[in-house]
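data_29.txt follows (compact mmCIF, C-alpha atoms):
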```
# COMPACT_ATOMS: atom_id res chain seq x y z
CA MET A 616 -23.13 -60.67 -15.67
CA ALA A 617 -24.75 -57.40 -14.59
CA LEU A 618 -26.11 -57.20 -11.08
CA SER A 619 -29.87 -56.61 -11.08
CA ILE A 620 -31.15 -54.49 -8.21
CA SER A 621 -34.86 -53.93 -7.73
CA ARG A 622 -36.50 -50.59 -6.98
CA LYS A 623 -37.25 -51.76 -3.47
CA GLN A 624 -33.59 -52.54 -2.82
CA ARG A 625 -32.49 -49.21 -4.26
CA LEU A 626 -34.94 -47.30 -2.08
CA THR A 627 -33.86 -49.27 0.99
CA ALA A 628 -30.25 -48.33 0.33
CA ALA A 629 -31.28 -44.68 -0.10
CA VAL A 630 -33.12 -44.73 3.25
CA ILE A 631 -30.07 -46.11 5.07
CA ILE A 632 -27.64 -43.63 3.46
CA SER A 633 -29.91 -40.64 4.07
CA SER A 634 -30.60 -41.60 7.70
CA ILE A 635 -26.92 -41.93 8.57
CA PHE A 636 -26.01 -38.66 6.89
CA PHE A 637 -28.94 -36.84 8.52
CA VAL A 638 -27.77 -37.75 12.03
CA VAL A 639 -24.20 -36.63 11.30
CA GLU A 640 -25.37 -33.42 9.62
CA LEU A 641 -27.65 -32.54 12.52
CA LEU A 642 -24.74 -32.86 14.95
CA VAL A 643 -22.68 -30.45 12.84
CA VAL A 644 -25.62 -28.01 12.75
CA PHE A 645 -25.62 -27.79 16.55
CA GLU A 646 -21.92 -26.99 16.43
CA THR A 647 -21.86 -24.46 13.59
CA ARG A 648 -25.33 -22.83 13.81
CA SER A 649 -25.54 -22.75 10.02
CA LEU A 650 -29.05 -22.09 8.69
CA ALA A 651 -28.14 -23.44 5.25
CA LEU A 652 -26.95 -26.70 6.79
CA LEU A 653 -30.04 -26.80 9.03
CA ALA A 654 -32.29 -26.35 5.99
CA ASP A 655 -30.45 -29.13 4.21
CA SER A 656 -30.80 -31.44 7.21
CA PHE A 657 -34.55 -30.79 7.42
CA HIS A 658 -34.75 -31.53 3.72
CA TYR A 659 -33.15 -34.86 4.52
CA ILE A 660 -35.93 -35.57 7.03
CA ASN A 661 -38.42 -35.05 4.26
CA ASP A 662 -36.33 -37.18 1.92
CA ILE A 663 -36.33 -40.03 4.40
CA ILE A 664 -40.11 -39.73 4.74
CA GLY A 665 -40.43 -39.66 0.96
CA PHE A 666 -38.25 -42.75 0.58
CA VAL A 667 -40.27 -44.61 3.20
CA VAL A 668 -43.56 -43.58 1.57
CA ALA A 669 -42.35 -44.68 -1.87
CA LEU A 670 -41.03 -47.94 -0.42
CA SER A 671 -44.32 -48.60 1.36
CA ALA A 672 -46.26 -47.78 -1.80
CA ILE A 673 -44.23 -50.30 -3.80
CA HIS A 674 -44.74 -52.91 -1.10
CA LEU A 675 -48.50 -52.33 -1.04
CA SER A 676 -48.81 -52.35 -4.82
CA GLU A 677 -47.10 -55.75 -4.94
CA ARG A 678 -49.48 -57.35 -2.46
CA THR A 679 -51.62 -60.07 -3.99
CA ARG A 680 -54.37 -59.94 -1.37
CA VAL A 681 -56.13 -56.63 -0.96
CA PRO A 682 -59.19 -55.57 1.07
CA ARG A 683 -62.50 -56.07 -0.72
CA ARG A 684 -63.38 -52.40 -0.34
CA LEU A 685 -60.45 -51.47 -2.64
CA SER A 686 -61.78 -52.43 -6.07
CA PHE A 687 -58.54 -51.42 -7.81
CA GLY A 688 -56.30 -52.83 -5.09
CA TRP A 689 -53.22 -50.84 -4.12
CA GLN A 690 -52.66 -49.60 -7.65
CA ARG A 691 -52.87 -45.94 -6.62
CA ALA A 692 -50.73 -46.29 -3.50
CA SER A 693 -47.60 -44.97 -5.22
CA LEU A 694 -49.58 -42.04 -6.61
CA LEU A 695 -50.97 -41.16 -3.19
CA GLY A 696 -47.45 -41.34 -1.76
CA ALA A 697 -46.18 -38.98 -4.46
CA PHE A 698 -48.93 -36.46 -3.61
CA PHE A 699 -48.16 -36.41 0.11
CA ASN A 700 -44.46 -36.30 -0.72
CA GLY A 701 -45.04 -33.11 -2.68
CA VAL A 702 -47.21 -31.59 0.06
CA PHE A 703 -44.45 -32.23 2.61
CA LEU A 704 -41.98 -30.50 0.30
CA LEU A 705 -44.24 -27.46 -0.06
CA ALA A 706 -44.55 -27.07 3.70
CA LEU A 707 -40.81 -27.54 4.18
CA GLY A 708 -39.88 -25.03 1.48
CA LEU A 709 -42.17 -22.38 2.94
CA SER A 710 -40.77 -22.94 6.44
CA ILE A 711 -37.15 -22.65 5.29
CA PHE A 712 -37.95 -19.51 3.31
CA LEU A 713 -39.46 -17.80 6.36
CA GLN A 714 -36.51 -18.80 8.54
CA SER A 715 -34.09 -17.41 5.97
CA ILE A 716 -35.88 -14.06 5.88
CA GLU A 717 -35.73 -13.94 9.67
CA ARG A 718 -31.98 -14.66 9.55
CA PHE A 719 -31.51 -11.70 7.19
CA VAL A 720 -33.14 -9.43 9.78
CA SER A 721 -31.21 -10.81 12.76
CA LEU A 722 -27.88 -11.96 11.34
CA GLN A 723 -26.01 -14.72 13.20
CA THR A 724 -22.43 -15.84 12.88
CA VAL A 725 -21.50 -19.29 11.61
CA GLN A 726 -18.81 -21.12 13.55
CA ASN A 727 -16.37 -23.69 12.16
CA ALA A 728 -17.28 -23.02 8.54
CA GLU A 729 -14.77 -25.67 7.46
CA HIS A 730 -17.00 -28.32 9.05
CA VAL A 731 -19.94 -26.99 7.05
CA PHE A 732 -17.81 -27.20 3.91
CA ILE A 733 -16.87 -30.82 4.62
CA MET A 734 -20.50 -31.80 5.23
CA GLY A 735 -21.56 -30.07 2.04
CA CYS A 736 -18.97 -31.98 0.00
CA VAL A 737 -19.85 -35.32 1.59
CA GLY A 738 -23.57 -34.71 1.11
CA LEU A 739 -23.03 -33.72 -2.52
CA GLY A 740 -21.15 -36.94 -3.21
CA LEU A 741 -23.81 -39.08 -1.53
CA ASN A 742 -26.62 -37.38 -3.41
CA ILE A 743 -24.88 -37.83 -6.75
CA LEU A 744 -24.56 -41.52 -5.90
CA CYS A 745 -28.26 -41.73 -5.00
CA VAL A 746 -29.26 -39.93 -8.22
CA LEU A 747 -27.28 -42.44 -10.29
CA VAL A 748 -28.77 -45.42 -8.45
CA LEU A 749 -32.38 -44.22 -8.54
CA HIS A 750 -32.17 -42.90 -12.11
CA GLU A 751 -30.98 -46.29 -13.34
CA SER A 752 -34.01 -47.94 -11.75
CA HIS A 753 -36.32 -45.24 -13.12
CA ARG A 754 -34.88 -45.62 -16.64
CA HIS A 755 -35.46 -49.38 -16.59
CA ASP A 756 -39.08 -48.92 -15.49
CA VAL A 757 -39.80 -46.41 -18.26
CA SER A 758 -38.18 -48.68 -20.86
CA GLY A 759 -40.43 -51.53 -19.76
CA ASP A 760 -43.50 -49.33 -20.04
CA ARG A 761 -42.47 -48.26 -23.54
CA ALA A 762 -42.07 -51.86 -24.65
CA HIS A 763 -45.51 -52.62 -23.25
CA SER A 764 -46.97 -49.68 -25.16
CA GLU A 765 -45.38 -50.89 -28.40
CA ASP A 766 -46.87 -54.34 -27.86
CA ASP A 767 -50.27 -52.74 -27.35
CA ALA A 768 -49.85 -50.73 -30.55
CA GLU A 769 -49.04 -53.89 -32.48
CA ALA A 770 -52.10 -55.62 -31.04
CA MET A 771 -54.19 -52.59 -32.00
CA GLY A 772 -52.94 -52.80 -35.57
CA SER A 773 -54.00 -56.41 -35.86
CA GLY A 774 -57.37 -55.69 -34.26
CA GLN A 775 -58.32 -53.04 -36.82
CA THR A 776 -58.84 -55.68 -39.49
CA ARG A 777 -62.39 -56.30 -38.24
CA ARG A 778 -65.32 -55.14 -40.29
CA LEU A 779 -68.89 -54.42 -39.31
CA THR A 780 -72.14 -54.76 -41.15
CA ASN A 781 -74.68 -52.00 -41.56
CA ASP A 782 -77.45 -54.57 -41.40
CA GLY A 783 -79.32 -55.30 -38.24
CA VAL A 784 -80.18 -58.90 -39.13
CA CYS A 785 -78.45 -61.39 -36.86
CA THR A 786 -77.28 -64.01 -39.32
CA PRO A 787 -73.67 -64.75 -40.25
CA LEU A 788 -74.50 -64.40 -43.97
CA THR A 789 -75.27 -60.72 -43.53
CA ILE A 790 -71.87 -59.84 -42.04
CA ARG A 791 -70.08 -58.00 -44.86
CA SER A 792 -66.70 -56.22 -45.12
CA GLU A 793 -67.77 -53.05 -46.87
CA ALA A 794 -65.52 -50.51 -45.14
CA ALA A 795 -63.07 -50.21 -42.27
CA PRO A 796 -64.93 -49.25 -39.07
CA HIS A 797 -62.32 -46.60 -38.20
CA ALA A 798 -62.13 -44.93 -41.62
CA ASN A 799 -63.59 -41.56 -40.56
CA HIS A 800 -62.38 -41.56 -36.98
CA ARG A 801 -60.32 -38.72 -35.59
CA HIS A 802 -57.83 -40.97 -33.83
CA ASN A 803 -56.49 -41.82 -37.32
CA LEU A 804 -55.30 -38.21 -37.56
CA ALA A 805 -52.91 -38.73 -34.69
CA SER A 806 -49.30 -39.66 -35.28
CA ALA A 807 -48.65 -43.34 -35.65
CA SER A 808 -45.42 -43.05 -33.69
CA PRO A 809 -45.71 -44.36 -30.14
CA GLN A 810 -45.99 -41.73 -27.45
CA PRO A 811 -43.33 -41.71 -24.72
CA ALA A 812 -44.45 -43.60 -21.66
CA SER A 813 -45.47 -41.53 -18.67
CA ARG A 814 -43.10 -41.49 -15.77
CA ASP A 815 -43.71 -43.14 -12.45
CA LEU A 816 -44.64 -40.18 -10.23
CA GLY A 817 -43.58 -42.07 -7.11
CA MET A 818 -40.03 -42.59 -8.36
CA LEU A 819 -40.10 -39.13 -9.97
CA GLY A 820 -40.84 -37.60 -6.57
CA VAL A 821 -37.95 -39.50 -5.01
CA MET A 822 -35.58 -38.38 -7.76
CA LEU A 823 -36.70 -34.77 -7.35
CA HIS A 824 -35.90 -35.05 -3.65
CA VAL A 825 -32.40 -36.33 -4.32
CA ALA A 826 -31.67 -33.91 -7.16
CA GLY A 827 -32.84 -31.02 -4.97
CA ASP A 828 -30.58 -32.24 -2.19
CA ALA A 829 -27.60 -32.25 -4.55
CA LEU A 830 -28.27 -28.59 -5.42
CA ASN A 831 -28.71 -27.81 -1.73
CA ASN A 832 -25.36 -29.38 -0.86
CA LEU A 833 -23.71 -27.40 -3.63
CA GLY A 834 -25.16 -24.20 -2.17
CA VAL A 835 -24.04 -25.16 1.34
CA THR A 836 -20.52 -25.76 0.03
CA VAL A 837 -20.38 -22.36 -1.68
CA ALA A 838 -21.68 -20.55 1.42
CA ALA A 839 -19.16 -22.35 3.64
CA LEU A 840 -16.30 -21.36 1.32
CA VAL A 841 -17.40 -17.71 1.37
CA ILE A 842 -17.60 -17.63 5.17
CA TRP A 843 -14.42 -19.66 5.62
CA LYS A 844 -12.11 -17.90 3.15
CA THR A 845 -13.24 -14.27 3.34
CA GLU A 846 -12.95 -11.69 6.11
CA SER A 847 -15.72 -9.28 5.11
CA PRO A 848 -18.34 -8.65 7.82
CA VAL A 849 -21.11 -9.29 5.28
CA ARG A 850 -19.86 -12.81 4.56
CA TYR A 851 -22.39 -14.24 7.02
CA TYR A 852 -25.21 -13.18 4.69
CA ALA A 853 -24.16 -16.05 2.45
CA ASP A 854 -25.75 -18.48 4.91
CA PRO A 855 -29.36 -17.15 4.78
CA SER A 856 -28.92 -16.47 1.05
CA VAL A 857 -28.28 -20.16 0.47
CA GLY A 858 -31.26 -20.88 2.74
CA VAL A 859 -33.50 -18.86 0.41
CA PHE A 860 -32.01 -20.68 -2.58
CA ILE A 861 -32.72 -24.06 -1.00
CA ALA A 862 -36.31 -23.03 -0.21
CA VAL A 863 -36.89 -21.91 -3.81
CA VAL A 864 -35.44 -25.17 -5.17
CA ILE A 865 -37.73 -27.18 -2.90
CA LEU A 866 -40.82 -25.21 -3.92
CA VAL A 867 -40.00 -25.36 -7.64
CA THR A 868 -39.60 -29.15 -7.53
CA ALA A 869 -42.65 -29.70 -5.31
CA VAL A 870 -45.28 -27.72 -7.22
CA PRO A 871 -45.22 -29.84 -10.43
CA LEU A 872 -45.28 -33.05 -8.39
CA VAL A 873 -48.32 -31.93 -6.39
CA ARG A 874 -50.08 -30.65 -9.50
CA LYS A 875 -49.56 -33.80 -11.59
CA SER A 876 -50.41 -36.26 -8.84
CA GLY A 877 -53.35 -34.13 -7.67
CA GLU A 878 -54.87 -34.03 -11.15
CA ILE A 879 -54.76 -37.81 -11.39
CA LEU A 880 -56.24 -38.20 -7.90
CA LEU A 881 -59.09 -35.92 -9.06
CA GLN A 882 -59.67 -38.44 -11.89
CA SER A 883 -58.92 -35.95 -14.63
CA THR A 884 -58.93 -36.82 -18.32
CA PRO A 885 -55.46 -37.37 -19.82
CA PRO A 886 -54.20 -34.16 -21.45
CA ASP A 887 -53.75 -35.86 -24.84
CA VAL A 888 -57.33 -37.22 -24.98
CA ASN A 889 -60.21 -35.02 -26.16
CA PRO A 890 -63.56 -36.47 -24.99
CA ASP A 891 -65.33 -34.79 -27.93
CA ASP A 892 -63.12 -36.71 -30.36
CA VAL A 893 -63.88 -39.95 -28.55
CA VAL A 894 -67.63 -39.30 -28.77
CA HIS A 895 -67.29 -38.39 -32.44
CA ASP A 896 -65.51 -41.66 -33.24
CA LEU A 897 -67.88 -43.83 -31.24
CA GLU A 898 -70.96 -42.29 -32.85
CA LYS A 899 -69.48 -43.06 -36.28
CA ILE A 900 -69.77 -46.80 -35.57
CA PRO A 901 -72.62 -48.23 -37.68
CA GLY A 902 -75.68 -48.87 -35.53
CA VAL A 903 -74.63 -46.57 -32.67
CA GLN A 904 -77.13 -43.75 -32.27
CA SER A 905 -75.51 -41.81 -29.44
CA VAL A 906 -72.99 -41.97 -26.61
CA ARG A 907 -74.00 -41.23 -23.03
CA GLU A 908 -72.32 -40.96 -19.66
CA LEU A 909 -68.79 -40.93 -21.10
CA ARG A 910 -66.29 -40.87 -18.25
CA ILE A 911 -62.55 -40.89 -18.98
CA TRP A 912 -60.10 -40.72 -16.12
CA ARG A 913 -56.61 -41.79 -15.15
CA LEU A 914 -56.36 -44.52 -12.58
CA ASP A 915 -52.66 -43.81 -12.18
CA GLN A 916 -49.91 -42.36 -14.35
CA ARG A 917 -49.96 -45.42 -16.62
CA GLU A 918 -53.55 -46.66 -16.92
CA THR A 919 -56.55 -44.77 -18.28
CA VAL A 920 -60.10 -45.99 -17.63
CA ALA A 921 -63.37 -45.19 -19.39
CA SER A 922 -67.04 -46.01 -18.93
CA LEU A 923 -69.85 -45.15 -21.31
CA HIS A 924 -73.34 -46.03 -22.53
CA LEU A 925 -73.85 -46.85 -26.20
CA SER A 926 -77.39 -46.21 -27.45
CA VAL A 927 -78.37 -48.67 -30.17
CA GLU A 928 -81.60 -49.56 -31.94
CA ASP A 929 -83.58 -52.51 -30.63
CA GLU A 930 -83.09 -54.46 -33.86
CA ALA A 931 -79.31 -53.96 -33.75
CA LEU A 932 -78.88 -55.22 -30.19
CA CYS A 933 -77.85 -58.69 -31.31
CA MET A 934 -74.84 -57.13 -33.07
CA PHE A 935 -73.83 -55.15 -29.99
CA MET A 936 -70.69 -57.21 -29.31
CA GLU A 937 -69.27 -56.24 -32.71
CA LYS A 938 -70.01 -52.60 -31.96
CA ALA A 939 -68.43 -52.96 -28.52
CA LYS A 940 -65.28 -54.45 -30.08
CA THR A 941 -65.00 -51.53 -32.48
CA ALA A 942 -65.61 -49.09 -29.63
CA SER A 943 -62.86 -50.80 -27.62
CA GLU A 944 -60.50 -50.40 -30.57
CA CYS A 945 -61.31 -46.68 -30.70
CA LEU A 946 -60.63 -46.31 -27.00
CA HIS A 947 -57.44 -48.34 -27.37
CA ALA A 948 -56.21 -45.89 -30.01
CA TYR A 949 -56.61 -43.10 -27.44
CA GLY A 950 -54.58 -45.05 -24.86
CA ILE A 951 -57.62 -46.26 -22.92
CA HIS A 952 -57.13 -49.96 -22.26
CA THR A 953 -59.70 -50.52 -19.48
CA SER A 954 -63.30 -49.72 -20.37
CA THR A 955 -66.87 -50.57 -19.40
CA ILE A 956 -69.38 -50.33 -22.26
CA GLN A 957 -73.06 -50.56 -21.37
CA PRO A 958 -75.77 -50.84 -24.03
CA GLU A 959 -78.86 -48.64 -24.04
CA VAL A 960 -81.60 -50.05 -26.27
CA LEU A 961 -83.63 -47.35 -27.99
CA PRO A 962 -87.36 -48.09 -28.44
CA CYS A 963 -88.51 -48.78 -31.97
CA MET A 964 -91.10 -46.66 -33.74
CA ALA A 965 -94.58 -46.84 -32.21
CA THR A 966 -93.08 -48.01 -28.92
CA GLU A 967 -94.34 -46.44 -25.75
CA LEU A 968 -91.92 -44.37 -23.71
CA PRO A 969 -92.33 -44.09 -19.94
CA ALA A 970 -93.29 -40.63 -18.89
CA PRO A 971 -90.96 -38.89 -16.43
CA SER A 972 -92.13 -38.96 -12.85
CA GLY A 973 -93.42 -35.70 -11.51
CA SER A 974 -94.55 -34.50 -14.94
CA GLY A 975 -98.23 -34.60 -14.05
CA THR A 976 -99.11 -37.31 -16.55
CA SER A 977 -99.86 -39.96 -13.91
CA GLY A 978 -97.76 -42.59 -15.65
CA SER A 979 -99.31 -42.11 -19.10
CA SER A 980 -97.10 -42.69 -22.14
CA SER A 981 -96.90 -41.16 -25.56
CA ILE A 982 -96.60 -43.06 -28.84
CA LEU A 983 -93.73 -42.04 -31.07
CA ALA A 984 -94.80 -40.87 -34.50
CA GLY A 985 -92.55 -39.16 -37.05
CA SER A 986 -88.92 -38.15 -37.01
CA THR A 987 -89.37 -35.52 -34.28
CA ASP A 988 -90.69 -38.02 -31.78
CA HIS A 989 -88.07 -40.53 -32.82
CA GLU A 990 -85.34 -37.97 -32.20
CA ARG A 991 -86.84 -37.26 -28.80
CA ALA A 992 -86.77 -40.97 -28.02
CA ARG A 993 -83.18 -41.15 -29.11
CA ASN A 994 -82.21 -38.36 -26.72
CA ALA A 995 -84.31 -39.65 -23.85
CA CYS A 996 -82.72 -41.34 -20.87
CA GLN A 997 -83.21 -45.10 -21.10
CA LEU A 998 -81.83 -46.07 -17.69
CA GLN A 999 -83.58 -43.86 -15.18
CA CYS A 1000 -84.15 -45.25 -11.70
CA ARG A 1001 -87.67 -45.83 -10.46
CA GLY A 1002 -88.90 -42.66 -8.83
CA CYS A 1003 -85.90 -40.63 -10.00
CA GLN A 1004 -86.72 -37.02 -10.81
CA LEU A 1005 -85.64 -36.51 -14.44
CA GLY A 1006 -84.46 -33.21 -15.75
CA PRO A 1007 -81.42 -30.96 -15.28
CA GLY A 1008 -80.89 -32.13 -11.71
CA SER A 1009 -81.22 -35.84 -12.41
CA VAL A 1010 -78.65 -38.10 -10.81
CA CYS A 1011 -79.19 -41.04 -13.17
CA CYS A 1012 -79.13 -39.21 -16.50
CA ARG A 1013 -77.04 -36.12 -17.09
```
Take the structure from the file and write it as structure tokens.
Amino acid sequence: MALSISRKQRLTAAVIISSIFFVVELLVVFETRSLALLADSFHYINDIIGFVVALSAIHLSERTRVPRRLSFGWQRASLLGAFFNGVFLLALGLSIFLQSIERFVSLQTVQNAEHVFIMGCVGLGLNILCVLVLHESHRHDVSGDRAHSEDDAEAMGSGQTRRLTNDGVCTPLTIRSEAAPHANHRHNLASASPQPASRDLGMLGVMLHVAGDALNNLGVTVAALVIWKTESPVRYYADPSVGVFIAVVILVTAVPLVRKSGEILLQSTPPDVNPDDVVHDLEKIPGVQSVRELRIWRLDQRETVASLHLSVEDEALCMFMEKAKTASECLHAYGIHTSTIQPEVLPCMATELPAPSGSGTSGSSSILAGSTDHERARNACQLQCRGCQLGPGSVCCR
């Protein structure tokens, strides 16, 4: 029977291994004065911080009781940890790069290069072990997410059997199955094959740390061999050269992590979702006149959230739940599984519209007459706050 080890246990083991090796490596740095080994040891400090941040994020995300001020709980804790992890890596890479350039200008000898070689080999072996352990956990998590996505796709397929009526009369006899509600929607143009699940940026950041360390240890080993086995006076340049290599590796691995996690923290729209396509599909739903205040953002690397206002005619309000179900199916097809849909009831013909405040009409209203006025009513904001200044700078209606 296979031994099951949780992510928390794997990260705990990685913290212990990295801490022990960091102390030993730092002692060897004081003896040998190797910049490459010093850069690798400082990278281990950042790794330990990254492991602790990821471990704390997992612990917080598993807590059942959360403060009331956190409406989504600790769901973004791992994402926040990944962002700070990447920022730490950027600062560390820049610092090591500057130190390496300084070492090129004022070259220093490396003593006991064989000790540096031994530490590089030991560190390489430990990092390969950590990569295998953490990658196994990461692979299991992604497989679980993919299975969840396939279940959602199956549920979506069964949900598309609903049909809507074009009538606005609220009686069961008028509900007819004339056409599929998603027949002309753009999400039907997308491939039916399930998209690969997004990776956990928290665990991805940890794996980038460990993989970068493995490359660093390989560079330290090569530099130690050059200094140890050659007699050329320029052999000591191998040490700062490896330092520059380590700095570049750190920066290359940190930039994508900071960019991806930063975009999600800024509540960006998923790259595979076009808001214009979403609006197009929602406005194709029978009875929906327009879509307002559409907001699509990623809560974390797995969950996408949306909020919107659906403008419907007054006589079709009683059928709003059917329209909301169809709208939810559209959003589901775009990978948006958490949504808030708010109705906006458009005034019927010959219904008075409130005049915008500050327009000089002293609260007078105009009666809609003809298609032009009806179109103006359709495009008017239906949910303005009392006393809110409407127009381009309005906070309520954009």
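If all atoms listed in the file are the atoms counted, then among A:Ala669, A:Ile663, A:Val888, A:Leu705 the closest residue to Val870 of chain A is A:Leu705.
Closest approach to Val638 of chain A among A:Ile861, A:Ile660, A:Lys623, A:Leu914 is made by A:Ile660 (distances from all atoms listed in the file).
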Contacts of Ala706 of chain A at 10 Å (only C-alpha atoms; same-chain gap of 4+ positions) as a PyMOL selection string = chain A and resi 701-702+710-711+862+865-866+869
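Take atom CA of Lys875 of chain A and atom CA of Arg917 of chain A: the distance between them is 12.7 Å.
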request  = Please provide as a list in words all residues within 8 Å of segment 639-654 of chain A, with the sequence filter that same-chain residues fewer than 2 positions apart are discarded (counting all atoms listed in the file).
outcome  = Ile635, Phe636, Phe637, Ser656, Phe657, His658, Ile711, Ser715, Thr724, Val725, Gln726, Asn727, Ala728, His730, Val731, Met734, Gly735, Val835, Asp854, Pro855, Val857, Gly858 and Ile861 of chain A
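Distance-wise, atom CA of Leu961 of chain A and atom CA of Ser926 of chain A end up 6.4 Å apart.
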Minimum-distance residue to Phe712 of chain A, chosen among A:Ser856, A:Gln957, A:Ser671, A:Gln690 (using all atoms listed in the file) = A:Ser856
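Nearest residue to Val906 of chain A among A:Leu925, A:Val864, A:Ile879, A:Leu694 is A:Leu925, counting all atoms listed in the file.
We find atom CA of Leu946 of chain A and atom CA of Leu695 of chain A to be spaced 26.2 Å apart.
In this comparison, which uses only C-alpha atoms, the residue of A:Val630, A:Thr836, A:Glu937, A:Leu707 approaching Val737 of chain A most closely is A:Thr836.
Nearest residue to Phe703 of chain A, choosing from A:Val841, A:Val668, A:Ala628, A:Leu833 and counting all atoms listed in the file: A:Val668.
Non-sequential neighbours of Ser922 of chain A (distance at most 7 Å, separation of 6 or more positions within a chain, all atoms listed in the file) are A:Leu909, A:Arg910, A:Ile911, A:Ser954, A:Thr955, A:Ile956.
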Spatial neighbours of Ile673 of chain A, max dist 10 Å, all atoms listed in the file, sep filter under 5 positions, as a compact mmCIF listing (two decimals) with C-alpha atoms, in the coordinates of the input:
```
# COMPACT_ATOMS: atom_id res chain seq x y z
CA ARG A 622 -36.50 -50.59 -6.98
CA LYS A 623 -37.25 -51.76 -3.47
CA LEU A 626 -34.94 -47.30 -2.08
CA VAL A 667 -40.27 -44.61 3.20
CA VAL A 668 -43.56 -43.58 1.57
CA ARG A 678 -49.48 -57.35 -2.46
CA TRP A 689 -53.22 -50.84 -4.12
CA GLN A 690 -52.66 -49.60 -7.65
CA ALA A 692 -50.73 -46.29 -3.50
CA SER A 693 -47.60 -44.97 -5.22
CA GLY A 696 -47.45 -41.34 -1.76
CA GLY A 817 -43.58 -42.07 -7.11
CA MET A 818 -40.03 -42.59 -8.36
```
